[in-house]
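> Contents of final-v2.pdb (PDB, C-alpha atoms) are given next:
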ATOM      1  CA  MET A1276      -1.072  49.705  24.777
ATOM      2  CA  SER A1277      -3.132  51.722  22.302
ATOM      3  CA  GLU A1278      -6.203  50.455  20.538
ATOM      4  CA  ALA A1279      -4.242  50.456  17.248
ATOM      5  CA  ASP A1280      -1.563  48.245  18.797
ATOM      6  CA  LEU A1281      -4.187  45.861  20.044
ATOM      7  CA  THR A1282      -5.774  45.690  16.591
ATOM      8  CA  MET A1283      -2.408  45.001  14.974
ATOM      9  CA  GLU A1284      -1.657  42.338  17.522
ATOM     10  CA  GLY A1285      -4.986  40.735  16.796
ATOM     11  CA  HIS A1286      -4.213  40.617  13.073
ATOM     12  CA  SER A1287      -0.758  39.203  13.696
ATOM     13  CA  ALA A1288      -2.137  36.593  16.002
ATOM     14  CA  GLY A1289      -4.489  35.503  13.240
ATOM     15  CA  LEU A1290      -1.670  35.301  10.718
ATOM     16  CA  MET A1291       0.652  33.415  13.035
ATOM     17  CA  VAL A1292      -1.696  30.516  13.643
ATOM     18  CA  GLY A1293       0.187  27.308  12.760
ATOM     19  CA  PRO A1294      -0.795  24.960   9.935
ATOM     20  CA  ALA A1295      -3.884  22.838  10.469
ATOM     21  CA  PHE A1296      -3.238  19.681  12.515
ATOM     22  CA  SER A1297       0.396  20.832  12.946
ATOM     23  CA  ILE A1298       1.457  19.177   9.710
ATOM     24  CA  PRO A1299       3.138  20.943   6.793
ATOM     25  CA  THR A1300       0.802  22.595   4.306
ATOM     26  CA  LYS A1301       2.028  20.582   1.307
ATOM     27  CA  LYS A1302       1.493  17.331   3.156
ATOM     28  CA  LEU A1303      -1.980  18.424   4.257
ATOM     29  CA  ALA A1304      -2.793  19.330   0.647
ATOM     30  CA  MET A1305      -1.716  15.848  -0.483
ATOM     31  CA  TRP A1306      -3.848  14.222   2.212
ATOM     32  CA  LEU A1307      -6.865  16.291   1.160
ATOM     33  CA  PHE A1308      -6.244  15.267  -2.449
ATOM     34  CA  ILE A1309      -6.042  11.631  -1.372
ATOM     35  CA  ILE A1310      -9.330  11.909   0.540
ATOM     36  CA  ALA A1311     -10.998  13.493  -2.505
ATOM     37  CA  ASP A1312      -9.537  10.848  -4.806
ATOM     38  CA  THR A1313     -10.755   8.134  -2.443
ATOM     39  CA  MET A1314     -14.255   9.425  -3.072
ATOM     40  CA  THR A1315     -13.705   9.253  -6.840
ATOM     41  CA  PHE A1316     -12.575   5.645  -6.734
ATOM     42  CA  ALA A1317     -15.203   4.720  -4.175
ATOM     43  CA  ALA A1318     -17.919   6.213  -6.388
ATOM     44  CA  CYS A1319     -16.619   4.186  -9.355
ATOM     45  CA  LEU A1320     -16.491   0.965  -7.331
ATOM     46  CA  VAL A1321     -19.937   1.525  -5.819
ATOM     47  CA  ALA A1322     -21.390   2.222  -9.277
ATOM     48  CA  TYR A1323     -19.696  -0.934 -10.543
ATOM     49  CA  GLY A1324     -21.111  -2.927  -7.618
ATOM     50  CA  PHE A1325     -24.569  -1.502  -8.309
ATOM     51  CA  LEU A1326     -24.377  -2.591 -11.944
ATOM     52  CA  ARG A1327     -22.939  -6.004 -11.135
ATOM     53  CA  ASN A1328     -25.570  -6.664  -8.505
ATOM     54  CA  GLY A1329     -28.435  -5.544 -10.708
ATOM     55  CA  THR A1330     -27.408  -7.294 -13.918
ATOM     56  CA  PRO A1331     -28.297 -10.980 -14.266
ATOM     57  CA  ASP A1332     -25.880 -11.896 -17.096
ATOM     58  CA  TRP A1333     -22.754 -10.389 -15.577
ATOM     59  CA  PRO A1334     -19.723 -11.990 -17.248
ATOM     60  CA  ARG A1335     -16.894 -13.808 -15.464
ATOM     61  CA  PRO A1336     -14.224 -13.683 -18.131
ATOM     62  CA  PHE A1337     -10.991 -14.102 -16.152
ATOM     63  CA  HIS A1338      -9.465 -17.577 -16.381
ATOM     64  CA  SER A1339      -6.020 -16.945 -14.940
ATOM     65  CA  ILE A1340      -4.846 -14.974 -11.937
ATOM     66  CA  THR A1341      -1.174 -15.094 -12.862
ATOM     67  CA  ASN A1342      -1.021 -11.663 -14.450
ATOM     68  CA  VAL A1343      -3.044  -9.861 -11.785
ATOM     69  CA  ALA A1344      -1.095 -11.631  -9.004
ATOM     70  CA  LEU A1345       2.165 -10.498 -10.571
ATOM     71  CA  MET A1346       0.847  -6.942 -10.938
ATOM     72  CA  THR A1347      -0.201  -6.945  -7.271
ATOM     73  CA  PHE A1348       3.204  -8.190  -6.163
ATOM     74  CA  ILE A1349       4.979  -5.527  -8.229
ATOM     75  CA  LEU A1350       2.813  -2.693  -6.908
ATOM     76  CA  LEU A1351       3.144  -3.804  -3.273
ATOM     77  CA  THR A1352       6.896  -4.131  -3.677
ATOM     78  CA  SER A1353       7.063  -0.670  -5.230
ATOM     79  CA  SER A1354       5.507   0.704  -2.035
ATOM     80  CA  LEU A1355       8.353  -0.869  -0.081
ATOM     81  CA  THR A1356      10.976   0.614  -2.414
ATOM     82  CA  MET A1357       9.261   4.001  -2.024
ATOM     83  CA  LEU A1358       9.633   3.673   1.744
ATOM     84  CA  LEU A1359      13.301   2.786   1.312
ATOM     85  CA  GLY A1360      13.720   5.892  -0.832
ATOM     86  CA  LEU A1361      12.167   8.067   1.853
ATOM     87  CA  ARG A1362      14.292   6.441   4.518
ATOM     88  CA  SER A1363      17.441   7.154   2.496
ATOM     89  CA  ALA A1364      16.331  10.738   1.851
ATOM     90  CA  ARG A1365      15.717  11.314   5.557
ATOM     91  CA  ALA A1366      19.168   9.882   6.288
ATOM     92  CA  GLY A1367      20.666  12.363   3.807
ATOM     93  CA  ASP A1368      21.806   9.658   1.381
ATOM     94  CA  LYS A1369      20.873  11.384  -1.867
ATOM     95  CA  ALA A1370      22.250   8.734  -4.210
ATOM     96  CA  ALA A1371      20.352   5.921  -2.500
ATOM     97  CA  ALA A1372      17.144   7.985  -2.304
ATOM     98  CA  PHE A1373      17.358   8.737  -6.021
ATOM     99  CA  ARG A1374      18.096   5.093  -6.809
ATOM    100  CA  TRP A1375      15.129   3.777  -4.799
ATOM    101  CA  THR A1376      12.825   6.412  -6.307
ATOM    102  CA  MET A1377      13.851   5.351  -9.811
ATOM    103  CA  ILE A1378      13.416   1.670  -8.897
ATOM    104  CA  THR A1379       9.883   2.551  -7.754
ATOM    105  CA  ALA A1380       9.262   4.297 -11.069
ATOM    106  CA  ALA A1381      10.601   1.251 -12.935
ATOM    107  CA  ALA A1382       8.226  -0.992 -10.972
ATOM    108  CA  GLY A1383       5.401   1.357 -11.930
ATOM    109  CA  ILE A1384       6.382   1.124 -15.592
ATOM    110  CA  LEU A1385       6.432  -2.682 -15.381
ATOM    111  CA  PHE A1386       2.995  -2.628 -13.739
ATOM    112  CA  ALA A1387       1.635  -0.365 -16.493
ATOM    113  CA  PHE A1388       3.156  -2.614 -19.158
ATOM    114  CA  LEU A1389       1.475  -5.714 -17.694
ATOM    115  CA  HIS A1390      -1.789  -3.816 -17.369
ATOM    116  CA  ILE A1391      -1.768  -2.672 -20.991
ATOM    117  CA  ARG A1392      -0.829  -6.171 -22.145
ATOM    118  CA  GLU A1393      -3.845  -7.514 -20.265
ATOM    119  CA  TRP A1394      -6.096  -4.886 -21.827
ATOM    120  CA  LEU A1395      -4.875  -5.792 -25.297
ATOM    121  CA  GLY A1396      -5.587  -9.477 -24.579
ATOM    122  CA  LEU A1397      -9.167  -8.662 -23.577
ATOM    123  CA  ILE A1398      -9.637  -6.392 -26.589
ATOM    124  CA  ASP A1399      -8.372  -9.238 -28.808
ATOM    125  CA  GLU A1400     -11.072 -11.464 -27.313
ATOM    126  CA  GLY A1401     -13.680  -8.944 -28.471
ATOM    127  CA  MET A1402     -14.171  -6.814 -25.368
ATOM    128  CA  THR A1403     -14.774  -3.114 -25.863
ATOM    129  CA  LEU A1404     -16.325  -0.347 -23.792
ATOM    130  CA  PHE A1405     -19.796  -1.264 -25.040
ATOM    131  CA  LYS A1406     -19.810  -4.971 -25.821
ATOM    132  CA  ASN A1407     -18.140  -8.273 -25.086
ATOM    133  CA  PRO A1408     -18.733 -11.899 -26.083
ATOM    134  CA  TRP A1409     -19.656 -13.076 -22.563
ATOM    135  CA  GLY A1410     -22.634 -11.021 -21.378
ATOM    136  CA  THR A1411     -23.723  -7.500 -20.647
ATOM    137  CA  GLY A1412     -21.796  -4.712 -22.351
ATOM    138  CA  LEU A1413     -21.731  -2.843 -19.051
ATOM    139  CA  PHE A1414     -18.873  -5.080 -17.948
ATOM    140  CA  GLY A1415     -16.438  -3.564 -20.450
ATOM    141  CA  ALA A1416     -17.498  -0.034 -19.552
ATOM    142  CA  SER A1417     -16.996  -0.546 -15.826
ATOM    143  CA  PHE A1418     -13.817  -2.617 -16.194
ATOM    144  CA  PHE A1419     -12.058  -0.187 -18.499
ATOM    145  CA  SER A1420     -13.271   2.839 -16.492
ATOM    146  CA  ILE A1421     -12.024   1.602 -13.123
ATOM    147  CA  THR A1422      -8.778   0.029 -14.263
ATOM    148  CA  GLY A1423      -8.213   2.922 -16.690
ATOM    149  CA  LEU A1424      -8.623   5.462 -13.911
ATOM    150  CA  HIS A1425      -6.166   3.500 -11.798
ATOM    151  CA  LEU A1426      -3.720   3.169 -14.686
ATOM    152  CA  THR A1427      -3.945   6.934 -15.221
ATOM    153  CA  HIS A1428      -2.975   7.428 -11.591
ATOM    154  CA  VAL A1429      -0.072   5.003 -11.958
ATOM    155  CA  THR A1430       1.118   6.842 -15.076
ATOM    156  CA  GLY A1431       0.896  10.191 -13.297
ATOM    157  CA  GLY A1432       2.774   8.690 -10.371
ATOM    158  CA  ILE A1433       5.554   7.385 -12.616
ATOM    159  CA  ILE A1434       6.013  10.838 -14.161
ATOM    160  CA  ALA A1435       5.991  12.448 -10.712
ATOM    161  CA  LEU A1436       8.515   9.916  -9.393
ATOM    162  CA  ILE A1437      10.915  10.657 -12.225
ATOM    163  CA  VAL A1438      10.498  14.449 -11.986
ATOM    164  CA  VAL A1439      10.718  14.617  -8.188
ATOM    165  CA  GLY A1440      13.619  12.133  -8.135
ATOM    166  CA  ILE A1441      15.637  14.188 -10.617
ATOM    167  CA  ARG A1442      14.847  17.453  -8.849
ATOM    168  CA  TYR A1443      15.697  15.922  -5.491
ATOM    169  CA  LYS A1444      19.017  14.767  -6.879
ATOM    170  CA  GLY A1445      19.608  18.260  -8.271
ATOM    171  CA  GLY A1446      18.952  19.818  -4.867
ATOM    172  CA  ARG A1447      15.708  21.597  -5.752
ATOM    173  CA  TYR A1448      13.528  19.263  -3.680
ATOM    174  CA  ASN A1449      14.143  17.762  -0.269
ATOM    175  CA  ALA A1450      13.148  14.662   1.700
ATOM    176  CA  ASP A1451       9.739  16.147   2.513
ATOM    177  CA  ASP A1452       8.886  16.218  -1.194
ATOM    178  CA  ILE A1453       9.828  12.542  -1.446
ATOM    179  CA  GLU A1454       7.569  11.831   1.535
ATOM    180  CA  ILE A1455       4.625  13.681  -0.038
ATOM    181  CA  LEU A1456       5.108  11.846  -3.334
ATOM    182  CA  GLY A1457       5.302   8.619  -1.348
ATOM    183  CA  LEU A1458       1.862   9.320   0.121
ATOM    184  CA  TYR A1459       0.454   9.477  -3.398
ATOM    185  CA  TRP A1460       2.214   6.290  -4.485
ATOM    186  CA  HIS A1461       1.016   4.342  -1.444
ATOM    187  CA  PHE A1462      -2.497   5.572  -2.153
ATOM    188  CA  VAL A1463      -2.313   4.177  -5.696
ATOM    189  CA  ASP A1464      -1.257   0.871  -4.135
ATOM    190  CA  LEU A1465      -4.088   1.078  -1.612
ATOM    191  CA  VAL A1466      -6.708   1.550  -4.343
ATOM    192  CA  TRP A1467      -5.390  -1.530  -6.134
ATOM    193  CA  MET A1468      -6.127  -3.557  -2.980
ATOM    194  CA  PHE A1469      -9.826  -2.933  -3.654
ATOM    195  CA  VAL A1470      -9.737  -3.134  -7.448
ATOM    196  CA  VAL A1471      -8.182  -6.625  -7.485
ATOM    197  CA  PRO A1472     -10.798  -8.449  -5.396
ATOM    198  CA  PHE A1473     -13.867  -6.685  -6.731
ATOM    199  CA  VAL A1474     -13.040  -6.236 -10.399
ATOM    200  CA  TYR A1475     -10.850  -9.287 -11.016
ATOM    201  CA  LEU A1476     -11.303 -11.977  -8.377
ATOM    202  CA  LEU A1477     -15.099 -11.738  -8.121
ATOM    203  CA  ASN A1478     -15.216 -12.191 -11.893
ATOM    204  CA  LEU A1479     -13.055 -15.300 -12.102
ATOM    205  CA  ALA A1480     -14.447 -18.048 -14.294
ATOM    206  CA  HIS A1481     -14.884 -21.125 -12.101
TER     207      HIS A1481
ATOM    208  CA  MET B1109       9.032  21.581   7.085
ATOM    209  CA  THR B1110      10.084  18.333   8.690
ATOM    210  CA  THR B1111       7.752  17.322  11.454
ATOM    211  CA  ALA B1112       8.579  15.654  14.697
ATOM    212  CA  PRO B1113       6.337  12.665  13.971
ATOM    213  CA  ALA B1114       8.050  12.128  10.642
ATOM    214  CA  GLN B1115      11.403  12.181  12.383
ATOM    215  CA  LYS B1116      10.095   9.678  14.881
ATOM    216  CA  SER B1117       9.121   7.283  12.099
ATOM    217  CA  LYS B1118      12.637   7.501  10.704
ATOM    218  CA  SER B1119      14.147   6.077  13.820
ATOM    219  CA  ASN B1120      11.878   3.034  13.878
ATOM    220  CA  GLY B1121      14.083   0.937  11.592
ATOM    221  CA  ILE B1122      13.204  -0.998   8.501
ATOM    222  CA  GLY B1123      11.976  -4.069  10.383
ATOM    223  CA  LYS B1124       8.488  -2.687  10.885
ATOM    224  CA  ASP B1125       8.156  -1.673   7.228
ATOM    225  CA  LEU B1126       9.241  -5.142   6.133
ATOM    226  CA  ALA B1127       6.822  -6.778   8.552
ATOM    227  CA  VAL B1128       3.943  -4.663   7.202
ATOM    228  CA  TYR B1129       5.010  -5.459   3.636
ATOM    229  CA  VAL B1130       4.986  -9.199   4.358
ATOM    230  CA  CYS B1131       1.565  -8.861   6.042
ATOM    231  CA  LEU B1132       0.212  -7.044   2.996
ATOM    232  CA  LEU B1133       1.576  -9.713   0.660
ATOM    233  CA  ALA B1134       0.015 -12.418   2.828
ATOM    234  CA  LEU B1135      -3.348 -10.631   2.909
ATOM    235  CA  ALA B1136      -3.246 -10.103  -0.854
ATOM    236  CA  GLY B1137      -2.514 -13.813  -1.205
ATOM    237  CA  LEU B1138      -5.440 -14.581   1.084
ATOM    238  CA  GLN B1139      -7.756 -12.738  -1.299
ATOM    239  CA  PHE B1140      -6.610 -15.013  -4.118
ATOM    240  CA  VAL B1141      -7.244 -18.053  -1.915
ATOM    241  CA  ILE B1142     -10.756 -16.786  -1.123
ATOM    242  CA  ALA B1143     -11.404 -16.363  -4.848
ATOM    243  CA  TYR B1144     -10.920 -20.096  -5.378
ATOM    244  CA  GLN B1145     -13.099 -21.208  -2.477
ATOM    245  CA  LYS B1146     -16.513 -22.662  -3.207
ATOM    246  CA  LEU B1147     -18.540 -19.725  -1.908
ATOM    247  CA  ASP B1148     -21.448 -17.778  -3.272
ATOM    248  CA  ALA B1149     -20.738 -14.264  -4.518
ATOM    249  CA  GLU B1150     -22.093 -12.554  -1.401
ATOM    250  CA  GLN B1151     -19.948 -14.548   1.026
ATOM    251  CA  MET B1152     -16.933 -14.060  -1.196
ATOM    252  CA  PHE B1153     -17.584 -10.325  -1.407
ATOM    253  CA  TRP B1154     -17.759  -9.838   2.363
ATOM    254  CA  ARG B1155     -14.615 -11.864   3.015
ATOM    255  CA  MET B1156     -12.693  -9.983   0.354
ATOM    256  CA  LEU B1157     -13.987  -6.648   1.628
ATOM    257  CA  ILE B1158     -12.815  -7.389   5.168
ATOM    258  CA  VAL B1159      -9.351  -8.408   3.950
ATOM    259  CA  ALA B1160      -9.124  -5.316   1.698
ATOM    260  CA  VAL B1161     -10.104  -3.006   4.578
ATOM    261  CA  VAL B1162      -7.436  -4.558   6.819
ATOM    262  CA  GLU B1163      -4.876  -4.147   4.015
ATOM    263  CA  ALA B1164      -5.883  -0.529   3.469
ATOM    264  CA  GLY B1165      -5.692   0.162   7.198
ATOM    265  CA  LEU B1166      -2.182  -1.262   7.436
ATOM    266  CA  ALA B1167      -1.038   0.703   4.386
ATOM    267  CA  MET B1168      -2.516   3.962   5.681
ATOM    268  CA  LEU B1169      -1.267   3.620   9.244
ATOM    269  CA  PHE B1170       2.249   2.406   8.540
ATOM    270  CA  PHE B1171       3.231   3.001   4.894
ATOM    271  CA  MET B1172       1.571   6.434   4.816
ATOM    272  CA  HIS B1173       2.672   7.110   8.407
ATOM    273  CA  LEU B1174      -0.800   8.135   9.542
ATOM    274  CA  TRP B1175      -0.073   6.382  12.835
ATOM    275  CA  THR B1176       2.714   8.849  13.644
ATOM    276  CA  GLU B1177       0.732  11.969  12.708
ATOM    277  CA  LYS B1178      -1.209  13.988  15.255
ATOM    278  CA  ARG B1179      -4.073  11.954  16.678
ATOM    279  CA  GLY B1180      -6.545  14.693  15.690
ATOM    280  CA  PHE B1181      -5.448  14.495  12.071
ATOM    281  CA  MET B1182      -5.685  10.711  12.034
ATOM    282  CA  LEU B1183      -9.214  10.899  13.406
ATOM    283  CA  PHE B1184     -10.119  13.597  10.861
ATOM    284  CA  VAL B1185      -8.960  11.441   7.937
ATOM    285  CA  ILE B1186     -10.586   8.252   9.183
ATOM    286  CA  ILE B1187     -13.913   9.708  10.354
ATOM    287  CA  PHE B1188     -14.368  11.958   7.317
ATOM    288  CA  THR B1189     -13.486   9.227   4.834
ATOM    289  CA  VAL B1190     -15.560   6.509   6.480
ATOM    290  CA  ALA B1191     -18.564   8.841   6.828
ATOM    291  CA  VAL B1192     -18.573   9.699   3.122
ATOM    292  CA  LEU B1193     -17.945   6.102   2.094
ATOM    293  CA  LEU B1194     -20.891   4.969   4.197
ATOM    294  CA  GLY B1195     -23.004   7.754   2.704
ATOM    295  CA  MET B1196     -22.361   6.332  -0.752
ATOM    296  CA  GLN B1197     -24.086   3.069   0.116
ATOM    297  CA  TYR B1198     -27.607   4.471  -0.074
ATOM    298  CA  GLY B1199     -28.290   3.030  -3.542
ATOM    299  CA  TRP B1200     -27.924  -0.673  -2.804
ATOM    300  CA  THR B1201     -31.583  -1.235  -2.097
ATOM    301  CA  ASP B1202     -32.346  -0.012  -5.598
ATOM    302  CA  SER B1203     -29.726  -2.364  -6.973
ATOM    303  CA  PHE B1204     -31.476  -5.295  -5.307
ATOM    304  CA  ARG B1205     -34.826  -4.021  -6.607
ATOM    305  CA  MET B1206     -33.445  -4.355 -10.125
ATOM    306  CA  VAL B1207     -32.806  -8.045  -9.496
ATOM    307  CA  THR B1208     -36.044  -8.852  -7.743
ATOM    308  CA  GLY B1209     -38.354  -6.381  -9.471
ATOM    309  CA  ALA B1210     -38.824  -4.696 -12.854
ATOM    310  CA  PRO B1211     -37.216  -4.661 -15.337
ATOM    311  CA  PHE B1212     -34.912  -7.589 -14.589
ATOM    312  CA  SER B1213     -37.291  -9.851 -12.715
ATOM    313  CA  LYS B1214     -36.659 -12.798 -15.001
TER     314      LYS B1214
END
Let me see the structure of the file written as structure tokens.

Amino acid sequence: MSEADLTMEGHSAGLMVGPAFSIPTKKLAMWLFIIADTMTFAACLVAYGFLRNGTPDWPRPFHSITNVALMTFILLTSSLTMLLGLRSARAGDKAAAFRWTMITAAAGILFAFLHIREWLGLIDEGMTLFKNPWGTGLFGASFFSITGLHLTHVTGGIIALIVVGIRYKGGRYNADDIEILGLYWHFVDLVWMFVVPFVYLLNLAH
Amino acid sequence: MTTAPAQKSKSNGIGKDLAVYVCLLALAGLQFVIAYQKLDAEQMFWRMLIVAVVEAGLAMLFFMHLWTEKRGFMLFVIIFTVAVLLGMQYGWTDSFRMVTGAPFSK
């Protein structure tokens, strides 16, 4: 074997190395995005905790848990419907996969509707980004920032669910795309598991 | 693009997913129960944090199928994420200083 052949083989060997961790590149990219986004939410929650801990007149404005409990139930259930969609897609049942994906999107829309309704209620009570009738103005800033960031993710997820669902039905996407979208949707659910106790339940009026 | 681990998860049946879903609902409910207990904020925070971490672990391992991925990848995600999350906690002492020292000593 000549030196040129050896060099070529070396190059090819470098190019033929499999994807990192033996998982598909698109899925790895989604996981890396999720890790990065975890840092974003964690930074927001830590900053919120810092403010809450260091501010003596932190308000506790929430009187009812009904709305947030319902929102939690809807989001958790939407994770299950997402799994059912993936399961159908893997089984090759396109109609069922599309149906479950759209049901997940509908659950997301319902969640967003309840969230916005809650926001409007708080705004009606006089809460804005910079002031509220109960205590430090920092509460509004942190509440709207964290829940707003989460709501933005939910909205993006709803759009992605509809787009990917339609494209999957049309044959342009496959079950792997549903799985990758599912990772994102479960992550949105996972973040909510931290937002509820720290932003809502710790601020319940007793 | 389909991976062997993903295929493996397909064959597990819906029972496990339902069981995890019910566990998550129960844990979420537990957080609401904790919120109505007569506890100080610190005790409440730690209890809620533990429940939230368990919930997140279940969701990551089973809903996001991290459990069926390569062990090296699972360790990468967990170790990297936990390390950075722990690194973010450096500011708490200053937060307590604000309560016990200037300017919010009163």
> Mind checking which residues fall within 12 Å of A:Gly1367, counting only C-alpha atoms, ignoring those fewer than 4 positions away in the same chain, and posting them as a PyMOL selection string?
(chain A and resi 1360-1363+1371-1373+1443-1444+1446+1449-1451) or (chain B and resi 1118)
> So which residues get picked by the PyMOL selection byres ((chain A) within 6 of (chain B)) here, written as a ChimeraX atom specification?
/A:1296,1299,1325,1329,1458,1465,1468-1469,1476
> To one decimal in Å, tell me the separation between atom CA of B:Ile1187 and atom CA of A:Phe1316.
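Atom CA of B:Ile1187 sits 17.6 Å away from atom CA of A:Phe1316.
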> Would you please work out which residue, of A:Thr1430, A:Asn1478, A:Ser1353, A:Thr1315, is nearest to A:Phe1388 when using all atoms listed in the file?
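Nearest candidate to A:Phe1388 out of A:Thr1430, A:Asn1478, A:Ser1353, A:Thr1315: A:Thr1430.
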> Got a sec to resolve the PyMOL selection byres ((chain A and resi 1320) around 12) on this structure and send the residues as JSON, numbers by chain?
{"A": [1313, 1314, 1315, 1316, 1317, 1318, 1319, 1321, 1322, 1323, 1324, 1325, 1326, 1327, 1328, 1417, 1418, 1420, 1421, 1422, 1424, 1425, 1466, 1467, 1469, 1470, 1471, 1472, 1473, 1474], "B": [1193, 1196, 1197]}
> Separation of atom CA of A:Ala1480 and atom CA of A:Phe1337, in Å?
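Rounded to one decimal, the two atoms are 5.6 Å apart.
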> Taking the structure I provided as the source, export stretch 1405-1424 of chain A with N, CA and C atoms, as a PDB file, in the first residue's frame.

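Once written, decode10.pdb looks like this:
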ATOM      1  N   PHE A1405     -43.464  45.926  36.770  1.00  0.00           N
ATOM      2  CA  PHE A1405     -42.690  46.748  37.713  1.00  0.00           C
ATOM      3  C   PHE A1405     -43.384  47.045  39.028  1.00  0.00           C
ATOM      4  N   LYS A1406     -44.667  46.740  39.131  1.00  0.00           N
ATOM      5  CA  LYS A1406     -45.345  47.035  40.402  1.00  0.00           C
ATOM      6  C   LYS A1406     -46.521  46.088  40.603  1.00  0.00           C
ATOM      7  N   ASN A1407     -46.913  45.974  41.859  1.00  0.00           N
ATOM      8  CA  ASN A1407     -48.119  45.207  42.189  1.00  0.00           C
ATOM      9  C   ASN A1407     -48.627  45.707  43.539  1.00  0.00           C
ATOM     10  N   PRO A1408     -49.894  45.417  43.849  1.00  0.00           N
ATOM     11  CA  PRO A1408     -50.455  45.985  45.093  1.00  0.00           C
ATOM     12  C   PRO A1408     -50.007  45.273  46.358  1.00  0.00           C
ATOM     13  N   TRP A1409     -49.241  44.202  46.268  1.00  0.00           N
ATOM     14  CA  TRP A1409     -48.984  43.342  47.434  1.00  0.00           C
ATOM     15  C   TRP A1409     -47.604  43.495  48.057  1.00  0.00           C
ATOM     16  N   GLY A1410     -46.629  44.009  47.298  1.00  0.00           N
ATOM     17  CA  GLY A1410     -45.272  44.080  47.856  1.00  0.00           C
ATOM     18  C   GLY A1410     -44.280  44.524  46.790  1.00  0.00           C
ATOM     19  N   THR A1411     -43.100  43.941  46.846  1.00  0.00           N
ATOM     20  CA  THR A1411     -42.058  44.383  45.936  1.00  0.00           C
ATOM     21  C   THR A1411     -42.445  44.205  44.461  1.00  0.00           C
ATOM     22  N   GLY A1412     -42.054  45.176  43.660  1.00  0.00           N
ATOM     23  CA  GLY A1412     -42.329  45.131  42.227  1.00  0.00           C
ATOM     24  C   GLY A1412     -41.551  44.040  41.514  1.00  0.00           C
ATOM     25  N   LEU A1413     -40.502  43.539  42.181  1.00  0.00           N
ATOM     26  CA  LEU A1413     -39.693  42.483  41.577  1.00  0.00           C
ATOM     27  C   LEU A1413     -40.506  41.212  41.336  1.00  0.00           C
ATOM     28  N   PHE A1414     -41.574  41.053  42.108  1.00  0.00           N
ATOM     29  CA  PHE A1414     -42.390  39.841  41.946  1.00  0.00           C
ATOM     30  C   PHE A1414     -42.965  39.760  40.533  1.00  0.00           C
ATOM     31  N   GLY A1415     -43.545  40.865  40.068  1.00  0.00           N
ATOM     32  CA  GLY A1415     -44.142  40.874  38.729  1.00  0.00           C
ATOM     33  C   GLY A1415     -43.100  40.593  37.655  1.00  0.00           C
ATOM     34  N   ALA A1416     -41.922  41.213  37.822  1.00  0.00           N
ATOM     35  CA  ALA A1416     -40.863  41.022  36.828  1.00  0.00           C
ATOM     36  C   ALA A1416     -40.458  39.556  36.741  1.00  0.00           C
ATOM     37  N   SER A1417     -40.241  38.936  37.908  1.00  0.00           N
ATOM     38  CA  SER A1417     -39.788  37.540  37.882  1.00  0.00           C
ATOM     39  C   SER A1417     -40.920  36.600  37.456  1.00  0.00           C
ATOM     40  N   PHE A1418     -42.137  36.874  37.929  1.00  0.00           N
ATOM     41  CA  PHE A1418     -43.261  36.001  37.563  1.00  0.00           C
ATOM     42  C   PHE A1418     -43.511  36.029  36.063  1.00  0.00           C
ATOM     43  N   PHE A1419     -43.627  37.225  35.515  1.00  0.00           N
ATOM     44  CA  PHE A1419     -43.925  37.310  34.077  1.00  0.00           C
ATOM     45  C   PHE A1419     -42.748  36.809  33.230  1.00  0.00           C
ATOM     46  N   SER A1420     -41.518  37.007  33.709  1.00  0.00           N
ATOM     47  CA  SER A1420     -40.353  36.540  32.937  1.00  0.00           C
ATOM     48  C   SER A1420     -40.339  35.018  32.857  1.00  0.00           C
ATOM     49  N   ILE A1421     -40.479  34.373  34.010  1.00  0.00           N
ATOM     50  CA  ILE A1421     -40.365  32.903  34.034  1.00  0.00           C
ATOM     51  C   ILE A1421     -41.556  32.256  33.333  1.00  0.00           C
ATOM     52  N   THR A1422     -42.753  32.665  33.717  1.00  0.00           N
ATOM     53  CA  THR A1422     -43.926  32.039  33.094  1.00  0.00           C
ATOM     54  C   THR A1422     -44.040  32.451  31.620  1.00  0.00           C
ATOM     55  N   GLY A1423     -43.590  33.666  31.304  1.00  0.00           N
ATOM     56  CA  GLY A1423     -43.601  34.113  29.905  1.00  0.00           C
ATOM     57  C   GLY A1423     -42.631  33.303  29.056  1.00  0.00           C
ATOM     58  N   LEU A1424     -41.458  33.036  29.609  1.00  0.00           N
ATOM     59  CA  LEU A1424     -40.486  32.223  28.876  1.00  0.00           C
ATOM     60  C   LEU A1424     -41.042  30.818  28.643  1.00  0.00           C
TER      61      LEU A1424
END
